[in-house]
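Reproduced below: upload-v5.cif, with mmCIF, C-alpha atoms and all ligand atoms.
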```cif
data_upload
loop_
_atom_site.label_atom_id
_atom_site.label_comp_id
_atom_site.auth_asym_id
_atom_site.auth_seq_id
_atom_site.Cartn_x
_atom_site.Cartn_y
_atom_site.Cartn_z
CA MET A 1 66.85 65.68 25.23
CA ALA A 2 70.62 65.22 25.59
CA PRO A 3 71.84 61.80 26.67
CA MET A 4 72.29 61.48 30.43
CA ILE A 5 75.58 59.91 31.35
CA THR A 6 77.15 59.00 34.68
CA THR A 7 80.68 57.66 34.83
CA HIS A 8 81.93 56.16 38.08
CA THR A 9 85.49 57.06 38.87
CA SER A 10 87.37 55.34 41.68
CA ALA A 11 85.90 57.53 44.41
CA SER A 12 86.88 57.07 48.05
CA PRO A 13 84.67 54.41 49.69
CA ALA A 14 82.82 57.01 51.76
CA ALA A 15 81.84 58.87 48.59
CA LEU A 16 80.39 55.82 46.91
CA PRO A 17 76.59 55.51 46.69
CA ARG A 18 74.88 53.27 49.25
CA ILE A 19 72.82 50.61 47.55
CA ALA A 20 70.42 48.12 49.12
CA VAL A 21 70.29 44.73 47.39
CA LEU A 22 67.09 42.75 47.92
CA ALA A 23 67.46 39.13 46.83
CA THR A 24 64.48 36.98 45.87
CA GLY A 25 66.06 33.88 44.29
CA GLY A 26 66.03 32.91 40.61
CA THR A 27 68.72 31.47 38.38
CA ILE A 28 71.09 34.23 39.43
CA ALA A 29 71.00 32.38 42.78
CA GLY A 30 70.83 28.96 41.12
CA SER A 31 73.29 26.11 41.47
CA ALA A 32 73.97 22.92 39.51
CA ALA A 33 76.10 19.89 40.27
CA ASP A 34 78.14 20.40 37.10
CA ALA A 35 79.61 23.68 35.82
CA ALA A 36 78.62 22.76 32.26
CA GLN A 37 74.96 22.46 33.27
CA THR A 38 72.72 25.36 32.21
CA SER A 39 69.33 23.67 32.57
CA GLY A 40 67.77 21.36 35.13
CA TYR A 41 69.51 23.15 38.02
CA GLN A 42 67.85 24.41 41.19
CA ALA A 43 66.98 28.12 41.19
CA GLY A 44 67.05 30.31 44.29
CA VAL A 45 69.36 28.28 46.51
CA VAL A 46 72.43 30.54 46.79
CA GLY A 47 72.23 33.28 49.44
CA VAL A 48 72.73 36.95 48.70
CA ASP A 49 76.03 37.08 50.63
CA ARG A 50 77.54 34.52 48.25
CA LEU A 51 76.18 36.38 45.22
CA LEU A 52 77.85 39.57 46.40
CA ALA A 53 81.10 37.82 47.32
CA ALA A 54 81.38 36.56 43.74
CA VAL A 55 81.67 40.16 42.49
CA PRO A 56 84.66 41.85 44.22
CA ALA A 57 84.36 44.79 41.78
CA LEU A 58 81.16 45.86 43.57
CA SER A 59 83.34 47.50 46.23
CA GLN A 60 84.55 49.93 43.55
CA VAL A 61 81.06 51.19 42.69
CA ALA A 62 78.94 51.09 45.86
CA ARG A 63 78.64 50.50 49.57
CA ILE A 64 76.17 47.66 49.79
CA GLU A 65 73.74 46.34 52.34
CA ALA A 66 71.87 43.19 51.44
CA GLU A 67 68.73 41.34 52.47
CA GLN A 68 67.29 37.98 51.52
CA VAL A 69 63.61 38.75 50.92
CA ALA A 70 62.75 35.38 49.35
CA SER A 71 64.48 32.32 47.87
CA ILE A 72 62.21 31.16 45.09
CA ASP A 73 62.11 30.07 41.50
CA SER A 74 60.16 33.01 40.08
CA LYS A 75 57.75 30.72 38.21
CA ASP A 76 56.28 30.12 41.68
CA LEU A 77 56.02 33.79 42.53
CA ASP A 78 52.94 34.72 44.50
CA VAL A 79 51.80 38.30 44.00
CA ALA A 80 51.92 38.68 47.78
CA LEU A 81 55.68 39.03 47.25
CA TRP A 82 55.00 42.27 45.37
CA THR A 83 53.35 43.62 48.52
CA THR A 84 56.36 42.57 50.60
CA LEU A 85 58.89 43.93 48.10
CA GLY A 86 57.00 47.17 47.60
CA GLY A 87 56.81 47.75 51.35
CA ARG A 88 60.52 47.07 51.87
CA ILE A 89 61.49 49.29 48.94
CA ALA A 90 59.37 52.11 50.41
CA GLU A 91 61.15 51.78 53.77
CA LEU A 92 64.59 51.75 52.18
CA ALA A 93 63.83 54.60 49.77
CA ALA A 94 62.70 56.74 52.72
CA ARG A 95 66.16 56.46 54.28
CA GLU A 96 68.36 59.43 53.46
CA ASP A 97 71.49 57.31 53.37
CA ILE A 98 70.15 54.93 50.68
CA ASP A 99 70.81 56.09 47.12
CA GLY A 100 69.29 53.21 45.17
CA ILE A 101 67.83 49.72 45.39
CA VAL A 102 68.61 46.58 43.40
CA VAL A 103 66.30 43.56 43.31
CA THR A 104 67.72 40.23 42.15
CA HIS A 105 64.99 38.05 40.65
CA GLY A 106 64.30 35.05 38.46
CA THR A 107 63.97 35.82 34.76
CA ASP A 108 60.68 33.98 34.28
CA THR A 109 58.37 36.54 35.89
CA LEU A 110 60.80 39.45 36.19
CA GLU A 111 58.87 41.60 33.73
CA GLU A 112 55.70 41.26 35.82
CA THR A 113 57.39 42.20 39.10
CA ALA A 114 59.24 45.07 37.43
CA TYR A 115 56.01 46.55 36.01
CA ALA A 116 54.10 46.06 39.29
CA LEU A 117 56.83 48.01 41.12
CA HIS A 118 57.09 50.61 38.32
CA LEU A 119 53.41 51.42 38.82
CA THR A 120 53.42 51.46 42.62
CA VAL A 121 56.71 52.44 44.31
CA LYS A 122 56.70 56.09 45.32
CA THR A 123 60.28 57.22 44.95
CA ASP A 124 62.60 58.96 42.50
CA LYS A 125 65.50 56.85 43.71
CA PRO A 126 66.63 54.21 41.22
CA VAL A 127 65.04 50.78 41.66
CA VAL A 128 66.78 48.30 39.36
CA LEU A 129 65.94 44.64 38.79
CA THR A 130 68.42 42.14 37.46
CA ALA A 131 68.68 38.39 36.95
CA ALA A 132 70.67 35.76 35.09
CA MET A 133 70.11 33.06 32.51
CA ARG A 134 72.88 30.79 33.78
CA PRO A 135 73.14 29.51 37.36
CA SER A 136 75.87 30.90 39.59
CA SER A 137 77.77 27.61 39.28
CA ALA A 138 77.94 27.72 35.46
CA LEU A 139 80.87 28.29 33.19
CA SER A 140 80.48 31.90 31.99
CA ALA A 141 77.72 32.63 34.51
CA ASP A 142 76.09 35.93 33.55
CA GLY A 143 74.80 36.84 37.02
CA PRO A 144 77.94 38.52 38.39
CA LEU A 145 78.24 41.04 35.53
CA ASN A 146 74.49 41.65 35.54
CA LEU A 147 74.62 42.33 39.29
CA LEU A 148 77.55 44.71 38.86
CA GLY A 149 75.66 46.49 36.08
CA ALA A 150 72.49 46.79 38.14
CA VAL A 151 74.32 48.19 41.18
CA THR A 152 76.17 50.64 38.93
CA VAL A 153 72.87 51.84 37.41
CA ALA A 154 71.21 52.08 40.87
CA GLY A 155 74.05 54.29 42.06
CA SER A 156 73.98 56.63 39.08
CA ARG A 157 72.42 60.08 39.11
CA ALA A 158 71.21 59.50 35.54
CA ALA A 159 68.86 56.73 36.72
CA ARG A 160 66.97 58.97 39.15
CA GLY A 161 63.36 59.58 38.22
CA GLN A 162 63.42 57.02 35.40
CA GLY A 163 61.02 54.64 37.12
CA VAL A 164 61.81 51.01 37.78
CA LEU A 165 64.54 49.73 35.48
CA VAL A 166 65.83 46.36 34.39
CA ALA A 167 69.59 46.08 33.88
CA PHE A 168 70.44 42.95 31.94
CA ASN A 169 73.30 42.03 29.63
CA ASN A 170 74.60 45.62 29.62
CA ARG A 171 71.29 47.13 28.54
CA ILE A 172 68.96 49.26 30.66
CA HIS A 173 65.27 48.74 29.99
CA CYS A 174 62.11 50.47 31.18
CA ALA A 175 60.06 48.08 33.34
CA ARG A 176 56.97 48.77 31.25
CA ASP A 177 58.51 47.77 27.95
CA VAL A 178 60.88 44.92 28.78
CA ALA A 179 60.06 41.26 28.20
CA LYS A 180 61.87 37.95 28.31
CA THR A 181 62.23 36.96 24.66
CA SER A 182 64.39 33.82 24.76
CA THR A 183 64.15 30.60 26.77
CA TYR A 184 67.92 30.06 26.80
CA ALA A 185 69.99 32.93 25.32
CA VAL A 186 72.08 35.08 27.63
CA ASP A 187 70.69 38.11 25.78
CA ALA A 188 67.20 37.16 26.91
CA PHE A 189 65.59 40.55 27.60
CA HIS A 190 64.46 43.08 25.06
CA SER A 191 61.96 45.91 24.82
CA PRO A 192 60.17 44.85 21.61
CA GLU A 193 59.53 47.64 19.07
CA ILE A 194 60.62 50.34 21.50
CA GLY A 195 64.15 49.36 22.45
CA ALA A 196 66.24 49.84 25.57
CA LEU A 197 66.57 53.17 27.38
CA GLY A 198 70.35 52.97 27.46
CA TRP A 199 73.22 50.84 28.57
CA VAL A 200 75.75 50.23 31.33
CA GLN A 201 79.31 49.15 30.68
CA ASP A 202 82.58 49.42 32.60
CA GLY A 203 81.16 51.88 35.14
CA ARG A 204 79.53 54.14 32.55
CA VAL A 205 75.74 54.51 32.61
CA GLU A 206 74.21 56.14 29.55
CA PHE A 207 70.53 56.90 28.94
CA GLN A 208 69.61 57.78 25.36
CA ARG A 209 65.92 58.31 26.06
CA ALA A 210 63.37 58.38 28.88
CA ALA A 211 60.04 56.62 29.43
CA LEU A 212 57.19 59.03 28.67
CA ARG A 213 54.30 57.32 30.44
CA PRO A 214 53.68 58.20 34.11
CA HIS A 215 55.19 55.85 36.67
CA THR A 216 56.13 55.50 40.37
CA SER A 217 55.09 58.71 42.24
CA ALA A 218 53.05 59.91 39.23
CA THR A 219 50.49 57.08 39.40
CA PRO A 220 47.53 56.65 41.76
CA PHE A 221 48.38 52.98 42.29
CA VAL A 222 49.60 51.49 45.55
CA VAL A 223 50.65 48.02 46.58
CA GLY A 224 47.75 46.71 48.56
CA ALA A 225 47.41 43.87 50.99
CA SER A 226 45.38 41.90 48.45
CA TRP A 227 45.20 41.73 44.68
CA PRO A 228 41.91 41.29 42.77
CA ALA A 229 41.60 37.97 40.96
CA VAL A 230 42.51 38.48 37.30
CA GLU A 231 43.38 35.59 35.00
CA VAL A 232 44.78 35.21 31.48
CA VAL A 233 43.17 33.03 28.81
CA ALA A 234 44.53 32.41 25.32
CA SER A 235 42.81 32.36 21.94
CA TYR A 236 43.91 29.74 19.41
CA ALA A 237 42.60 27.47 16.69
CA GLY A 238 39.78 25.29 17.96
CA ALA A 239 39.46 27.14 21.29
CA SER A 240 36.44 26.47 23.50
CA ARG A 241 34.70 28.68 26.06
CA THR A 242 35.39 26.25 28.92
CA ALA A 243 38.15 28.31 30.53
CA VAL A 244 36.23 31.61 30.42
CA ASP A 245 33.08 30.02 31.85
CA ALA A 246 35.07 28.35 34.64
CA LEU A 247 36.78 31.62 35.55
CA VAL A 248 33.50 33.52 35.66
CA ALA A 249 31.99 30.78 37.83
CA ALA A 250 35.00 31.05 40.14
CA GLY A 251 34.30 34.76 40.61
CA VAL A 252 37.25 36.45 38.87
CA ARG A 253 37.10 40.24 38.63
CA GLY A 254 38.92 40.44 35.32
CA ILE A 255 40.10 38.39 32.35
CA VAL A 256 42.94 39.28 29.98
CA VAL A 257 42.79 37.47 26.68
CA ALA A 258 46.07 36.69 24.91
CA GLY A 259 44.54 37.09 21.49
CA THR A 260 45.86 36.21 18.09
CA GLY A 261 47.36 38.95 15.90
CA ASN A 262 45.93 42.37 16.74
CA GLY A 263 44.17 40.95 19.78
CA SER A 264 41.64 39.06 17.70
CA ILE A 265 39.61 36.44 19.58
CA HIS A 266 38.08 33.13 18.48
CA ALA A 267 34.34 33.72 18.04
CA THR A 268 33.50 31.12 20.69
CA ILE A 269 35.68 32.78 23.33
CA GLN A 270 34.57 36.24 22.26
CA ALA A 271 30.93 35.30 22.89
CA ALA A 272 31.83 33.96 26.35
CA LEU A 273 33.85 37.10 27.14
CA GLY A 274 30.99 39.32 26.00
CA GLU A 275 28.70 37.55 28.48
CA ALA A 276 31.37 37.85 31.19
CA ARG A 277 31.61 41.60 30.58
CA ALA A 278 27.84 41.94 30.70
CA GLY A 279 28.02 40.23 34.09
CA GLY A 280 30.54 42.77 35.40
CA VAL A 281 33.88 41.05 34.68
CA ALA A 282 36.49 43.40 33.18
CA VAL A 283 37.87 42.13 29.85
CA VAL A 284 41.14 43.28 28.31
CA ARG A 285 42.38 42.29 24.86
CA ALA A 286 46.14 41.79 24.52
CA SER A 287 48.11 39.81 21.95
CA ARG A 288 50.10 36.61 22.16
CA VAL A 289 52.35 37.83 19.30
CA GLY A 290 55.11 39.36 21.43
CA SER A 291 55.52 42.73 19.75
CA GLY A 292 53.33 45.44 18.29
CA HIS A 293 50.22 47.00 19.78
CA VAL A 294 46.58 46.03 20.02
CA MET A 295 44.36 48.67 18.42
CA ARG A 296 41.09 49.61 20.06
CA ASN A 297 38.27 48.22 17.90
CA GLY A 298 40.98 46.96 15.54
CA ALA A 299 40.15 43.24 15.65
CA ALA A 300 37.16 43.09 17.97
CA PRO A 301 34.26 45.50 18.59
CA ASP A 302 35.49 46.89 21.92
CA ASP A 303 32.84 49.63 21.97
CA ALA A 304 29.99 47.17 21.45
CA LEU A 305 31.23 44.52 23.90
CA GLY A 306 32.76 46.75 26.60
CA PHE A 307 36.28 45.37 26.10
CA VAL A 308 39.51 47.29 26.71
CA SER A 309 42.55 47.14 24.44
CA ALA A 310 45.93 46.60 26.07
CA GLY A 311 47.93 48.72 23.59
CA THR A 312 51.58 47.69 23.80
CA LEU A 313 51.28 45.73 27.07
CA ASN A 314 51.71 41.99 26.75
CA PRO A 315 49.01 39.84 28.43
CA TYR A 316 50.94 39.36 31.68
CA LYS A 317 51.69 43.06 32.11
CA ALA A 318 48.11 43.88 31.13
CA ARG A 319 47.06 41.62 33.99
CA VAL A 320 49.23 43.61 36.42
CA LEU A 321 47.69 46.92 35.34
CA LEU A 322 44.16 45.50 35.41
CA MET A 323 44.66 44.20 38.97
CA LEU A 324 45.89 47.61 40.12
CA ALA A 325 43.09 49.46 38.32
CA LEU A 326 40.43 47.20 39.84
CA ALA A 327 42.06 47.57 43.27
CA ALA A 328 41.84 51.35 42.80
CA GLY A 329 38.07 50.99 42.36
CA GLU A 330 37.88 51.35 38.56
CA SER A 331 35.81 48.85 36.58
CA ALA A 332 33.87 50.75 33.89
CA PRO A 333 35.25 50.03 30.39
CA ALA A 334 35.84 53.71 29.54
CA ALA A 335 37.75 54.35 32.77
CA LEU A 336 39.82 51.20 32.30
CA GLN A 337 40.64 52.15 28.70
CA GLN A 338 41.78 55.56 29.91
CA ILE A 339 44.07 53.82 32.40
CA PHE A 340 45.49 51.50 29.74
CA ASP A 341 46.05 54.49 27.42
CA THR A 342 47.88 56.36 30.20
CA TYR A 343 50.10 53.85 32.01
C1 LIG A 401 63.39 31.80 37.75
O1 LIG A 401 62.71 32.56 37.06
O2 LIG A 401 63.44 31.91 38.99
C2 LIG A 401 64.17 30.69 37.13
C3 LIG A 401 64.61 30.99 35.77
C4 LIG A 401 65.60 32.13 35.70
O3 LIG A 401 65.84 32.89 36.62
O4 LIG A 401 66.18 32.26 34.58
#
```
Mind turning the file's structure into structure tokens?
Amino acid sequence: MAPMITTHTSASPAALPRIAVLATGGTIAGSAADAAQTSGYQAGVVGVDRLLAAVPALSQVARIEAEQVASIDSKDLDVALWTTLGGRIAELAAREDIDGIVVTHGTDTLEETAYALHLTVKTDKPVVLTAAMRPSSALSADGPLNLLGAVTVAGSRAARGQGVLVAFNNRIHCARDVAKTSTYAVDAFHSPEIGALGWVQDGRVEFQRAALRPHTSATPFVVGASWPAVEVVASYAGASRTAVDALVAAGVRGIVVAGTGNGSIHATIQAALGEARAGGVAVVRASRVGSGHVMRNGAAPDDALGFVSAGTLNPYKARVLLMLALAAGESAPAALQQIFDTY
């Protein structure tokens, strides 16, 4: 496949793409008392109008309409926001005059929101998430350039049909693959093992490859009014079964285990998870390692215990897919494994 490239020239304003910006908070909308402060600030306090006003160059790449959907620190994100965001994106994407949608978000749970939208929004129009590592008040704040990049990608023909994207620090990532990989660096997002899809710089959007797994309109998943209860537990030296037993007693529908290595699980937790599965709770093995894949039957007897391997999905993205699969009525291990092998 040849690279897909869009270069924005200084078109007349009427010829520029129309982009909707949905703001949800995060550090990109954060503010600190001191410009040298890059931690301990308050996230999600600056309104979308001020974010846009800080980037005069946006008027060269798009006609923008903006909405404040939420004003939160994304660590506090409730999955109900995915229902709200998904619904609003559907309404905007259905409008003929809207060419693309940008969502500004906190970095902490951005990869979860991006993947939830990637699996559920039903549009070919670009939906691009972006964020920042430094608050808007900081010296060398990264939000303005990230916002410009995201709007540029959302307005590009090359981004159509690529699923939900994350534009961050000049790179364009697939929502399925991207993860936050640093607690402080400006270059905080990567797609481990797989790499970015392309990049955006100075008005030029270039895709070097495309995501192969089905997404957006090609999935059966929809954002529902409620999300099945699925929790994540971790495996580590000296782990006990307390957390798994408590979750089962609380009535969860699924458990994702952030295993060691190739999704291996402490024998004590594995026994508890085996009992949970026998009682009807879906169990997915992912890895806490941060890159690589989890092989089916590679480090635990999935066939014997009825577990599902998460492949290349990290535990938090595996949780998103498991919630959607359960909401779609799937719960048998074979059907769930098929879903994890497909999406
Ligand atoms: C957040 O996730 O809302 C705060 C942290 C950040 O955006 O970097």
Listed atoms of ligand LIG 401 (chain A) boxed axis-aligned with 5 Å per side, centre + edges as JSON:
```
{"center_x": 64.4, "center_y": 31.8, "center_z": 36.8, "size_x": 13.5, "size_y": 12.2, "size_z": 14.4}
```
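Listed by chain and then residue number, the contacts of ligand LIG 401 (chain A) are Gly25, Gly26, Thr27, Ile28, Ala43, Gly44, Ile72, Asp73, Ser74, Lys75, His105, Gly106, Thr107, Asp108, Thr109, Ala131, Ala132, Met133 and Arg134 of chain A (distance at most 7 Å, using all atoms listed in the file).
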- Please indicate the distance in Å from atom CA of Ala210 of chain A to atom CA of Val222 of chain A, rounded to one decimal place.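 Atom-to-atom, atom CA of Ala210 of chain A and atom CA of Val222 of chain A are spaced 22.7 Å apart.
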- Task: Kindly give the distance, in Å, that separates atom CA of Gln162 of chain A and atom CA of Ala141 of chain A, rounded to a single decimal.
- Result: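 So the two atoms, atom CA of Gln162 of chain A and atom CA of Ala141 of chain A, lie 28.3 Å apart.
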- Query: Counting all atoms listed in the file, what is within 10 Å of Ala57 of chain A, bar same-chain residues fewer than 6 positions away, as a ChimeraX atom specification?
  - Reply: /A:144-145,148
